[in-house]
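Next up, entry_10.txt (compact mmCIF, C-alpha atoms and all ligand atoms):
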```
# COMPACT_ATOMS: atom_id res chain seq x y z
CA MET V 112 2.00 42.99 94.30
CA GLY V 113 4.46 40.87 92.37
CA ARG V 114 4.46 40.61 88.64
CA ILE V 115 3.05 37.43 87.09
CA LEU V 116 5.39 35.87 84.54
CA PHE V 117 3.11 34.38 81.90
CA GLY V 118 4.81 31.54 80.07
CA GLU V 119 2.42 31.83 77.12
CA GLU V 120 3.65 35.34 76.35
CA ILE V 121 7.32 34.37 76.33
CA ALA V 122 6.51 31.19 74.40
CA ALA V 123 4.79 33.33 71.73
CA GLU V 124 8.02 35.32 71.22
CA ILE V 125 10.00 32.13 70.76
CA ARG V 126 7.33 30.65 68.46
CA ALA V 127 7.75 33.65 66.16
CA GLU V 128 11.53 33.07 66.07
CA LEU V 129 11.00 29.39 65.29
CA GLN V 130 8.50 30.17 62.53
CA ALA V 131 11.25 31.89 60.56
CA ARG V 132 13.52 28.84 60.89
CA VAL V 133 10.69 26.45 59.95
CA ALA V 134 10.08 28.60 56.84
CA GLY V 135 13.79 28.36 55.99
CA LEU V 136 13.62 24.56 56.23
CA ALA V 137 10.46 24.52 54.09
CA ARG V 138 12.32 26.34 51.32
CA ARG V 139 14.62 23.32 51.21
CA GLY V 140 11.63 20.96 51.22
CA VAL V 141 12.24 19.90 54.84
CA VAL V 142 9.47 19.53 57.45
CA PRO V 143 10.57 19.02 61.08
CA GLY V 144 9.27 15.74 62.47
CA LEU V 145 8.67 14.91 66.13
CA ALA V 146 7.76 11.40 67.29
CA LEU V 147 6.10 11.17 70.70
CA VAL V 148 5.99 7.87 72.58
CA ARG V 149 3.75 7.24 75.54
CA VAL V 150 3.39 3.98 77.46
CA GLY V 151 0.39 3.19 79.67
CA ASP V 152 -2.64 5.06 80.93
CA ASP V 153 -1.39 7.93 83.10
CA PRO V 154 -3.91 10.74 82.40
CA ALA V 155 -1.47 13.56 83.17
CA SER V 156 1.11 12.12 80.74
CA ALA V 157 -1.60 11.71 78.09
CA SER V 158 -2.50 15.37 78.47
CA TYR V 159 1.14 16.56 78.28
CA VAL V 160 1.81 14.50 75.15
CA ARG V 161 -1.32 15.83 73.44
CA GLN V 162 -0.20 19.39 74.23
CA LYS V 163 3.20 18.70 72.66
CA GLU V 164 1.64 17.23 69.51
CA LYS V 165 -0.80 20.12 69.18
CA ALA V 166 1.95 22.71 69.57
CA ALA V 167 4.09 20.85 67.00
CA HIS V 168 1.24 20.81 64.48
CA ALA V 169 0.60 24.53 65.08
CA LEU V 170 4.18 25.23 63.93
CA GLY V 171 3.72 23.06 60.84
CA PHE V 172 5.70 20.04 62.04
CA LEU V 173 4.95 16.44 61.26
CA SER V 174 4.14 14.94 64.65
CA GLU V 175 2.74 11.56 65.67
CA ILE V 176 1.97 9.99 69.02
CA THR V 177 2.46 6.25 69.47
CA VAL V 178 0.72 4.87 72.55
CA LEU V 179 1.84 1.48 73.85
CA PRO V 180 -0.19 -0.46 76.43
CA GLU V 181 0.63 -0.43 80.15
CA ARG V 182 1.96 -4.02 79.95
CA THR V 183 4.43 -3.37 77.13
CA THR V 184 7.71 -5.29 77.47
CA GLU V 185 11.08 -3.61 77.27
CA ASP V 186 11.79 -5.42 73.99
CA GLU V 187 8.61 -4.01 72.46
CA LEU V 188 9.44 -0.48 73.57
CA LEU V 189 13.03 -0.75 72.33
CA ALA V 190 11.78 -2.13 68.99
CA LEU V 191 9.51 0.90 68.55
CA ILE V 192 12.37 3.29 69.40
CA ALA V 193 14.63 1.48 66.90
CA SER V 194 12.05 1.88 64.16
CA LEU V 195 11.67 5.61 64.93
CA ASN V 196 15.47 5.99 64.95
CA GLY V 197 15.47 4.62 61.40
CA ASP V 198 12.52 6.72 60.19
CA PRO V 199 13.91 9.75 58.33
CA ARG V 200 10.62 11.67 58.69
CA PHE V 201 11.36 12.14 62.41
CA HIS V 202 14.22 14.39 63.57
CA GLY V 203 13.18 14.27 67.23
CA ILE V 204 11.97 11.43 69.44
CA LEU V 205 10.54 11.89 72.92
CA VAL V 206 9.65 9.04 75.27
CA GLN V 207 7.30 10.54 77.84
CA LEU V 208 8.28 9.83 81.45
CA PRO V 209 7.47 8.32 83.85
CA LEU V 210 7.25 4.86 82.30
CA PRO V 211 5.13 2.13 83.93
CA PRO V 212 6.90 0.02 86.60
CA GLY V 213 9.22 -2.55 85.09
CA LEU V 214 10.40 -0.38 82.20
CA SER V 215 13.74 1.35 82.64
CA PRO V 216 13.74 5.04 81.69
CA GLU V 217 17.54 4.93 81.40
CA ARG V 218 17.46 2.09 78.87
CA ALA V 219 14.61 3.67 76.89
CA CYS V 220 16.25 7.12 76.74
CA GLY V 221 19.63 5.55 75.99
CA ALA V 222 18.13 3.70 73.01
CA VAL V 223 17.04 6.91 71.25
CA ASP V 224 19.47 7.97 68.49
CA SER V 225 21.47 10.69 70.26
CA ARG V 226 20.95 13.09 67.30
CA LYS V 227 17.17 12.70 67.72
CA ASP V 228 17.29 13.06 71.53
CA VAL V 229 15.33 16.32 71.88
CA ASP V 230 14.97 15.71 75.64
CA CYS V 231 18.72 15.63 76.43
CA LEU V 232 18.32 12.33 78.26
CA HIS V 233 20.73 10.16 76.23
CA PRO V 234 23.90 9.58 78.31
CA ALA V 235 26.13 11.04 75.58
CA ASN V 236 24.05 14.22 75.52
CA ILE V 237 23.92 14.45 79.32
CA GLY V 238 27.70 14.12 79.30
CA ARG V 239 28.12 16.90 76.74
CA PHE V 240 25.69 19.10 78.67
CA VAL V 241 27.48 18.60 82.00
CA ARG V 242 30.83 19.25 80.32
CA GLY V 243 29.51 22.57 79.01
CA ASP V 244 29.46 21.57 75.34
CA PRO V 245 25.75 20.76 74.85
CA TYR V 246 24.10 19.34 71.74
CA LEU V 247 20.59 20.42 72.86
CA LEU V 248 19.52 21.70 76.26
CA PRO V 249 17.05 19.82 78.49
CA CYS V 250 13.60 21.33 77.93
CA THR V 251 12.35 22.30 81.39
CA PRO V 252 15.68 23.70 82.68
CA HIS V 253 16.03 25.64 79.42
CA ALA V 254 12.45 26.92 79.86
CA VAL V 255 13.28 28.24 83.34
CA GLN V 256 16.45 29.91 82.05
CA GLU V 257 14.59 31.61 79.18
CA ILE V 258 11.81 32.84 81.49
CA LEU V 259 14.42 34.48 83.75
CA LEU V 260 16.42 36.01 80.90
CA ARG V 261 13.49 37.23 78.83
CA SER V 262 11.64 38.68 81.86
CA GLY V 263 14.62 40.77 82.93
CA TYR V 264 15.88 38.61 85.81
CA PRO V 265 19.19 37.23 84.55
CA PRO V 266 20.63 34.69 87.00
CA ALA V 267 24.23 35.94 86.67
CA GLY V 268 25.66 36.93 90.06
CA LYS V 269 22.44 35.90 91.83
CA HIS V 270 21.86 33.22 94.43
CA VAL V 271 19.46 30.67 92.94
CA VAL V 272 18.01 28.12 95.35
CA ILE V 273 16.46 25.11 93.64
CA VAL V 274 14.16 22.79 95.59
CA GLY V 275 14.12 19.31 94.01
CA ARG V 276 16.94 17.24 92.49
CA SER V 277 15.03 15.26 89.84
CA PRO V 278 16.89 14.16 86.71
CA LEU V 279 14.39 16.06 84.52
CA VAL V 280 14.42 19.41 86.32
CA GLY V 281 16.32 20.22 89.52
CA ARG V 282 19.63 18.53 88.88
CA PRO V 283 20.11 19.65 85.25
CA LEU V 284 18.86 23.16 86.14
CA SER V 285 21.53 23.43 88.84
CA ILE V 286 24.14 22.63 86.18
CA LEU V 287 22.67 24.98 83.56
CA LEU V 288 22.43 28.06 85.80
CA SER V 289 25.86 27.55 87.36
CA GLN V 290 27.58 27.31 83.98
CA LYS V 291 30.04 30.03 83.04
CA GLY V 292 28.72 32.84 80.88
CA PRO V 293 26.04 35.53 80.77
CA ARG V 294 23.16 33.01 80.59
CA GLY V 295 24.42 31.25 83.75
CA ASP V 296 26.94 32.53 86.28
CA ALA V 297 24.54 31.97 89.19
CA THR V 298 25.54 30.72 92.63
CA VAL V 299 23.32 27.67 92.98
CA THR V 300 22.09 25.81 96.05
CA LEU V 301 20.31 22.51 95.39
CA CYS V 302 17.89 21.45 98.15
CA HIS V 303 16.09 18.11 98.17
CA SER V 304 14.10 15.60 100.22
CA ALA V 305 17.01 15.05 102.63
CA THR V 306 17.40 18.78 103.35
CA PRO V 307 16.14 18.95 106.96
CA ASP V 308 14.71 22.47 106.75
CA LEU V 309 14.24 24.36 103.49
CA GLY V 310 13.53 27.82 104.93
CA PRO V 311 17.08 28.79 105.96
CA PHE V 312 18.17 28.13 102.36
CA THR V 313 15.23 29.55 100.41
CA ARG V 314 15.24 32.74 102.51
CA GLN V 315 18.73 33.51 101.19
CA ALA V 316 17.66 33.25 97.56
CA ASP V 317 17.35 35.99 94.97
CA ILE V 318 15.59 33.41 92.81
CA VAL V 319 13.75 30.31 94.14
CA VAL V 320 12.87 27.47 91.78
CA VAL V 321 10.55 24.88 93.27
CA ALA V 322 10.22 21.55 91.48
CA VAL V 323 9.13 18.75 93.78
CA GLY V 324 5.51 17.98 92.82
CA ARG V 325 3.93 18.76 96.19
CA PRO V 326 1.42 21.60 96.71
CA GLY V 327 2.28 24.07 99.45
CA THR V 328 6.01 23.31 99.42
CA LEU V 329 6.95 27.00 99.20
CA GLN V 330 5.20 29.32 101.67
CA THR V 331 5.53 33.08 102.13
CA ASP V 332 7.69 32.84 105.26
CA MET V 333 10.27 30.93 103.18
CA VAL V 334 11.18 33.74 100.75
CA ARG V 335 12.59 37.20 101.22
CA GLU V 336 10.74 40.24 99.97
CA GLY V 337 11.50 40.98 96.33
CA ALA V 338 12.61 37.46 95.42
CA VAL V 339 11.65 35.86 92.09
CA VAL V 340 9.78 32.54 92.27
CA ILE V 341 9.66 30.00 89.44
CA ASP V 342 7.16 27.22 90.10
CA VAL V 343 7.75 24.04 88.10
CA GLY V 344 5.27 21.88 90.01
CA VAL V 345 2.05 20.69 88.38
CA ASN V 346 -0.31 19.02 90.83
CA ARG V 347 -3.91 17.90 90.45
CA VAL V 348 -6.01 18.71 93.51
CA ASP V 349 -9.62 17.61 93.97
CA ASP V 350 -12.13 20.39 93.38
CA PRO V 351 -15.77 19.34 93.08
CA ALA V 352 -16.61 22.81 91.68
CA ALA V 353 -14.19 22.40 88.74
CA PRO V 354 -15.55 20.98 85.45
CA ARG V 355 -13.27 17.92 85.62
CA GLY V 356 -13.42 17.50 89.38
CA TYR V 357 -9.86 18.71 89.87
CA ARG V 358 -7.73 21.78 89.27
CA LEU V 359 -4.02 22.30 88.69
CA VAL V 360 -1.83 24.00 91.27
CA GLY V 361 1.92 24.45 91.56
CA ASP V 362 4.29 23.75 94.43
CA ALA V 363 4.22 27.37 95.63
CA ASP V 364 1.49 29.05 97.64
CA PHE V 365 0.81 31.45 94.73
CA ASP V 366 -1.79 33.87 96.12
CA ALA V 367 0.10 34.63 99.34
CA LEU V 368 3.54 34.69 97.71
CA ARG V 369 2.42 37.13 95.05
CA GLU V 370 2.01 39.81 97.74
CA LYS V 371 5.64 39.52 98.79
CA VAL V 372 7.77 38.66 95.75
CA ALA V 373 8.97 40.70 92.78
CA ALA V 374 7.69 38.14 90.29
CA ILE V 375 6.22 34.63 90.18
CA THR V 376 5.15 32.14 87.51
CA PRO V 377 1.55 30.86 87.62
CA VAL V 378 0.40 27.24 87.36
CA PRO V 379 -0.97 26.52 84.87
CA GLY V 380 0.37 28.99 82.29
CA GLY V 381 3.91 29.48 83.57
CA VAL V 382 6.73 27.01 82.99
CA GLY V 383 4.53 24.42 81.22
CA PRO V 384 3.94 26.24 77.90
CA MET V 385 7.61 27.24 77.85
CA THR V 386 8.76 23.63 78.28
CA VAL V 387 6.69 22.68 75.24
CA MET V 388 8.20 25.55 73.23
CA MET V 389 11.76 24.52 74.15
CA LEU V 390 10.95 21.00 72.92
CA LEU V 391 9.85 22.47 69.58
CA SER V 392 13.00 24.60 69.51
CA ASN V 393 15.14 21.48 70.06
CA THR V 394 13.25 19.67 67.29
CA VAL V 395 13.97 22.50 64.83
CA ALA V 396 17.64 22.48 65.85
CA ALA V 397 17.84 18.67 65.53
CA CYS V 398 16.18 18.88 62.12
CA GLU V 399 18.60 21.58 60.95
CA ALA V 400 21.57 19.53 62.18
CA GLN V 401 20.38 16.29 60.55
CA THR V 402 19.43 17.78 57.22
CA ARG V 403 22.68 19.78 57.09
CA ASP V 404 24.58 16.48 57.55
CA ALA V 405 22.54 14.92 54.74
CA ARG V 406 23.38 17.51 52.08
N1 LIG V 501 7.71 14.03 81.90
C1 LIG V 501 7.64 15.21 82.55
N2 LIG V 501 8.50 16.09 81.98
C2 LIG V 501 9.11 15.44 80.96
C3 LIG V 501 10.09 15.81 80.01
O1 LIG V 501 10.61 16.93 79.98
N3 LIG V 501 10.45 14.86 79.13
C4 LIG V 501 9.92 13.62 79.15
N4 LIG V 501 10.34 12.75 78.24
N5 LIG V 501 9.01 13.23 80.01
C5 LIG V 501 8.61 14.14 80.92
```
Represent the supplied structure as structure tokens.
Ligand code: GUN
Amino acid sequence: MGRILFGEEIAAEIRAELQARVAGLARRGVVPGLALVRVGDDPASASYVRQKEKAAHALGFLSEITVLPERTTEDELLALIASLNGDPRFHGILVQLPLPPGLSPERACGAVDSRKDVDCLHPANIGRFVRGDPYLLPCTPHAVQEILLRSGYPPAGKHVVIVGRSPLVGRPLSILLSQKGPRGDATVTLCHSATPDLGPFTRQADIVVVAVGRPGTLQTDMVREGAVVIDVGVNRVDDPAAPRGYRLVGDADFDALREKVAAITPVPGGVGPMTVMMLLSNTVAACEAQTRDAR
């Protein structure tokens, strides 16, 4: 039976480390501020943004959500971002993705002041990250890296196979884990929707990361015994017996895989809570950097 890697437990360790830094800022009269922007009515996005705000409040941050209507124009969104850029109470700004059709995520993320870009989605920050000289690390890839390191599965020297090349997860994770140094040093294979057959790749992996947003993507016959599985997928599946009529599942076939692997993250309760904690970590770092500049 494989070990279950509970994201909440690792997130609690990091929260304790952040508490000390938040207390240090408080002694200087500084409160970290995180502005969250959401556009439209997507229920999953609404839930994620609420979780981020709640976690920020729990650490004593100032945090506010601004919700814009589904039919917001690009000018209106960019005007809001400009006002948050100029608001000294906020050290971090996050524009929740995806945006409704017609709004460009590249233009929105590029409009955020790069010092307040706690998502690492501003082109200047992506460039620094790819070059190996990051300002802040992208939240979900950093969450996966911390889960591996803090659970005793360092990626160095291992073959990591990532399924999914999204700009938020798969692609930046492939860069992060292949970077030189003890927190990286993995040999990385990046599979995606044009990979004809995933099994021959995933079966070679010491560590499989699945991040495509489709239940059942990773089955037991696709991993070798003793592999480590990190499941980034969050999917709503209908379940009339569940209180809300649906339940959350990952991209991996958790129950069957658990019998075969060394360790696996659950959904919910795996990568998700760690992603939120890495966002808070970035906000503290952005706050420290901005208030250091100001003195
Ligand atoms: N939507 C899903 N994950 C993320 C994320 O990490 N950042 C933003 N901005 N939107 C997301």
Inset, instruction - Return as JSON, numbers by chain the residues of protein, DNA or RNA that approach ligand LIG 501 (chain V) to within 10 Å, with only C-alpha atoms and all ligand atoms taken into account. - result: {"V": [147, 148, 149, 155, 156, 159, 160, 204, 205, 206, 207, 208, 209, 210, 216, 220, 228, 229, 230, 231, 232, 249, 250, 251, 252, 278, 279, 280, 345, 383, 386, 387, 389, 390]}
Inset, instruction - For Leu309 in chain V, list every protein, DNA or RNA residue within 12 Å, evaluated using only C-alpha atoms, and leave out those in the same chain fewer than 2 positions away; present the list as number ranges by chain. - result: V: 272-275, 300-307, 311-316, 319, 321, 328-330, 332-334
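Across the structure, CA of Leu191 in chain V and CA of His168 in chain V are spaced 21.9 Å apart.
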Inset, instruction - Could you jot down the CA of Val343 in chain V to CA of Ala235 in chain V separation for me, Å, one decimal place? - result: 25.8 Å
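For the atom pair formed by CA of Val241 in chain V and CA of Arg276 in chain V, the distance is 14.9 Å, given to one decimal.
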Test item: residues at most 7 Å from Ser289 in chain V, all atoms listed in the file, excluding those fewer than 5 positions along its chain, as a tab-separated table (two decimals) with C-alpha atoms, in the coordinates of the input:
```tsv
chain	number	residue	atom	x	y	z
V	295	GLY	CA	24.42	31.25	83.75
V	296	ASP	CA	26.94	32.53	86.28
V	297	ALA	CA	24.54	31.97	89.19
V	298	THR	CA	25.54	30.72	92.63
V	299	VAL	CA	23.32	27.67	92.98
```
Legend entry - Among the residues V:Gly381, V:Gly344, V:Gly135, V:Gly337, the one that comes closest to Leu368 in chain V [using only C-alpha atoms]: V:Gly337
Legend entry - Ref. answer, residues at most 12 Å from (30.2, 29.4, 83.2) with all atoms listed in the file, as a PyMOL selection string: chain V and resi 241-244+266-268+285-298
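When all atoms listed in the file are used to measure the gap to Leu136 in chain V, the shortest distance among V:Arg335, V:Gly171, V:Leu247, V:Ile176 belongs to V:Gly171.
Nearest residue to Arg226 in chain V among V:Arg355, V:His202, V:Arg138, V:Arg261 is V:His202, counting only C-alpha atoms.
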Nearby residues, (14.9, 34.3, 85.3) file frame, 10 Å, all atoms listed in the file, as a PDB file with C-alpha atoms, in the coordinates of the input:
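Saved the output as point_32.pdb:
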```pdb
ATOM      1  CA  LEU V 116       5.390  35.870  84.540  1.00  0.00           C
ATOM      2  CA  ALA V 254      12.450  26.920  79.860  1.00  0.00           C
ATOM      3  CA  VAL V 255      13.280  28.240  83.340  1.00  0.00           C
ATOM      4  CA  GLN V 256      16.450  29.910  82.050  1.00  0.00           C
ATOM      5  CA  GLU V 257      14.590  31.610  79.180  1.00  0.00           C
ATOM      6  CA  ILE V 258      11.810  32.840  81.490  1.00  0.00           C
ATOM      7  CA  LEU V 259      14.420  34.480  83.750  1.00  0.00           C
ATOM      8  CA  LEU V 260      16.420  36.010  80.900  1.00  0.00           C
ATOM      9  CA  ARG V 261      13.490  37.230  78.830  1.00  0.00           C
ATOM     10  CA  SER V 262      11.640  38.680  81.860  1.00  0.00           C
ATOM     11  CA  GLY V 263      14.620  40.770  82.930  1.00  0.00           C
ATOM     12  CA  TYR V 264      15.880  38.610  85.810  1.00  0.00           C
ATOM     13  CA  PRO V 265      19.190  37.230  84.550  1.00  0.00           C
ATOM     14  CA  PRO V 266      20.630  34.690  87.000  1.00  0.00           C
ATOM     15  CA  ALA V 267      24.230  35.940  86.670  1.00  0.00           C
ATOM     16  CA  VAL V 271      19.460  30.670  92.940  1.00  0.00           C
ATOM     17  CA  LEU V 288      22.430  28.060  85.800  1.00  0.00           C
ATOM     18  CA  ARG V 294      23.160  33.010  80.590  1.00  0.00           C
ATOM     19  CA  ILE V 318      15.590  33.410  92.810  1.00  0.00           C
ATOM     20  CA  VAL V 319      13.750  30.310  94.140  1.00  0.00           C
ATOM     21  CA  VAL V 320      12.870  27.470  91.780  1.00  0.00           C
ATOM     22  CA  VAL V 339      11.650  35.860  92.090  1.00  0.00           C
ATOM     23  CA  VAL V 340       9.780  32.540  92.270  1.00  0.00           C
ATOM     24  CA  ILE V 341       9.660  30.000  89.440  1.00  0.00           C
ATOM     25  CA  ALA V 374       7.690  38.140  90.290  1.00  0.00           C
ATOM     26  CA  ILE V 375       6.220  34.630  90.180  1.00  0.00           C
TER      27      ILE V 375
END
```
Where atoms are lacking, range 141-154 of chain V completed to N, CA and C atoms, as an mmCIF file, keeping the file's coordinate frame:
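Contents of the output file out.cif:
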```
data_model
loop_
_atom_site.group_PDB
_atom_site.id
_atom_site.type_symbol
_atom_site.label_atom_id
_atom_site.label_comp_id
_atom_site.auth_asym_id
_atom_site.auth_seq_id
_atom_site.Cartn_x
_atom_site.Cartn_y
_atom_site.Cartn_z
ATOM 1 N N VAL V 141 12.101 20.687 53.604
ATOM 2 C CA VAL V 141 12.240 19.900 54.840
ATOM 3 C C VAL V 141 11.149 20.297 55.840
ATOM 4 N N VAL V 142 10.481 19.307 56.399
ATOM 5 C CA VAL V 142 9.470 19.530 57.450
ATOM 6 C C VAL V 142 9.980 18.876 58.733
ATOM 7 N N PRO V 143 10.115 19.643 59.825
ATOM 8 C CA PRO V 143 10.570 19.020 61.080
ATOM 9 C C PRO V 143 9.596 17.950 61.547
ATOM 10 N N GLY V 144 10.120 16.842 62.013
ATOM 11 C CA GLY V 144 9.270 15.740 62.470
ATOM 12 C C GLY V 144 9.584 15.365 63.908
ATOM 13 N N LEU V 145 8.519 15.238 64.710
ATOM 14 C CA LEU V 145 8.670 14.910 66.130
ATOM 15 C C LEU V 145 7.816 13.689 66.458
ATOM 16 N N ALA V 146 8.471 12.618 66.889
ATOM 17 C CA ALA V 146 7.760 11.400 67.290
ATOM 18 C C ALA V 146 7.608 11.379 68.803
ATOM 19 N N LEU V 147 6.383 11.190 69.260
ATOM 20 C CA LEU V 147 6.100 11.170 70.700
ATOM 21 C C LEU V 147 5.669 9.769 71.084
ATOM 22 N N VAL V 148 6.281 9.237 72.128
ATOM 23 C CA VAL V 148 5.990 7.870 72.580
ATOM 24 C C VAL V 148 5.454 7.937 74.000
ATOM 25 N N ARG V 149 4.331 7.283 74.199
ATOM 26 C CA ARG V 149 3.750 7.240 75.540
ATOM 27 C C ARG V 149 3.392 5.790 75.843
ATOM 28 N N VAL V 150 3.678 5.362 77.055
ATOM 29 C CA VAL V 150 3.390 3.980 77.460
ATOM 30 C C VAL V 150 2.443 4.019 78.657
ATOM 31 N N GLY V 151 1.297 3.329 78.531
ATOM 32 C CA GLY V 151 0.390 3.190 79.670
ATOM 33 C C GLY V 151 -0.703 4.238 79.685
ATOM 34 N N ASP V 152 -1.354 4.348 80.852
ATOM 35 C CA ASP V 152 -2.640 5.060 80.930
ATOM 36 C C ASP V 152 -2.605 6.297 81.809
ATOM 37 N N ASP V 153 -1.433 6.788 82.178
ATOM 38 C CA ASP V 153 -1.390 7.930 83.100
ATOM 39 C C ASP V 153 -2.065 9.154 82.451
ATOM 40 N N PRO V 154 -3.164 9.657 83.047
ATOM 41 C CA PRO V 154 -3.910 10.740 82.400
ATOM 42 C C PRO V 154 -3.104 12.040 82.276
#
```
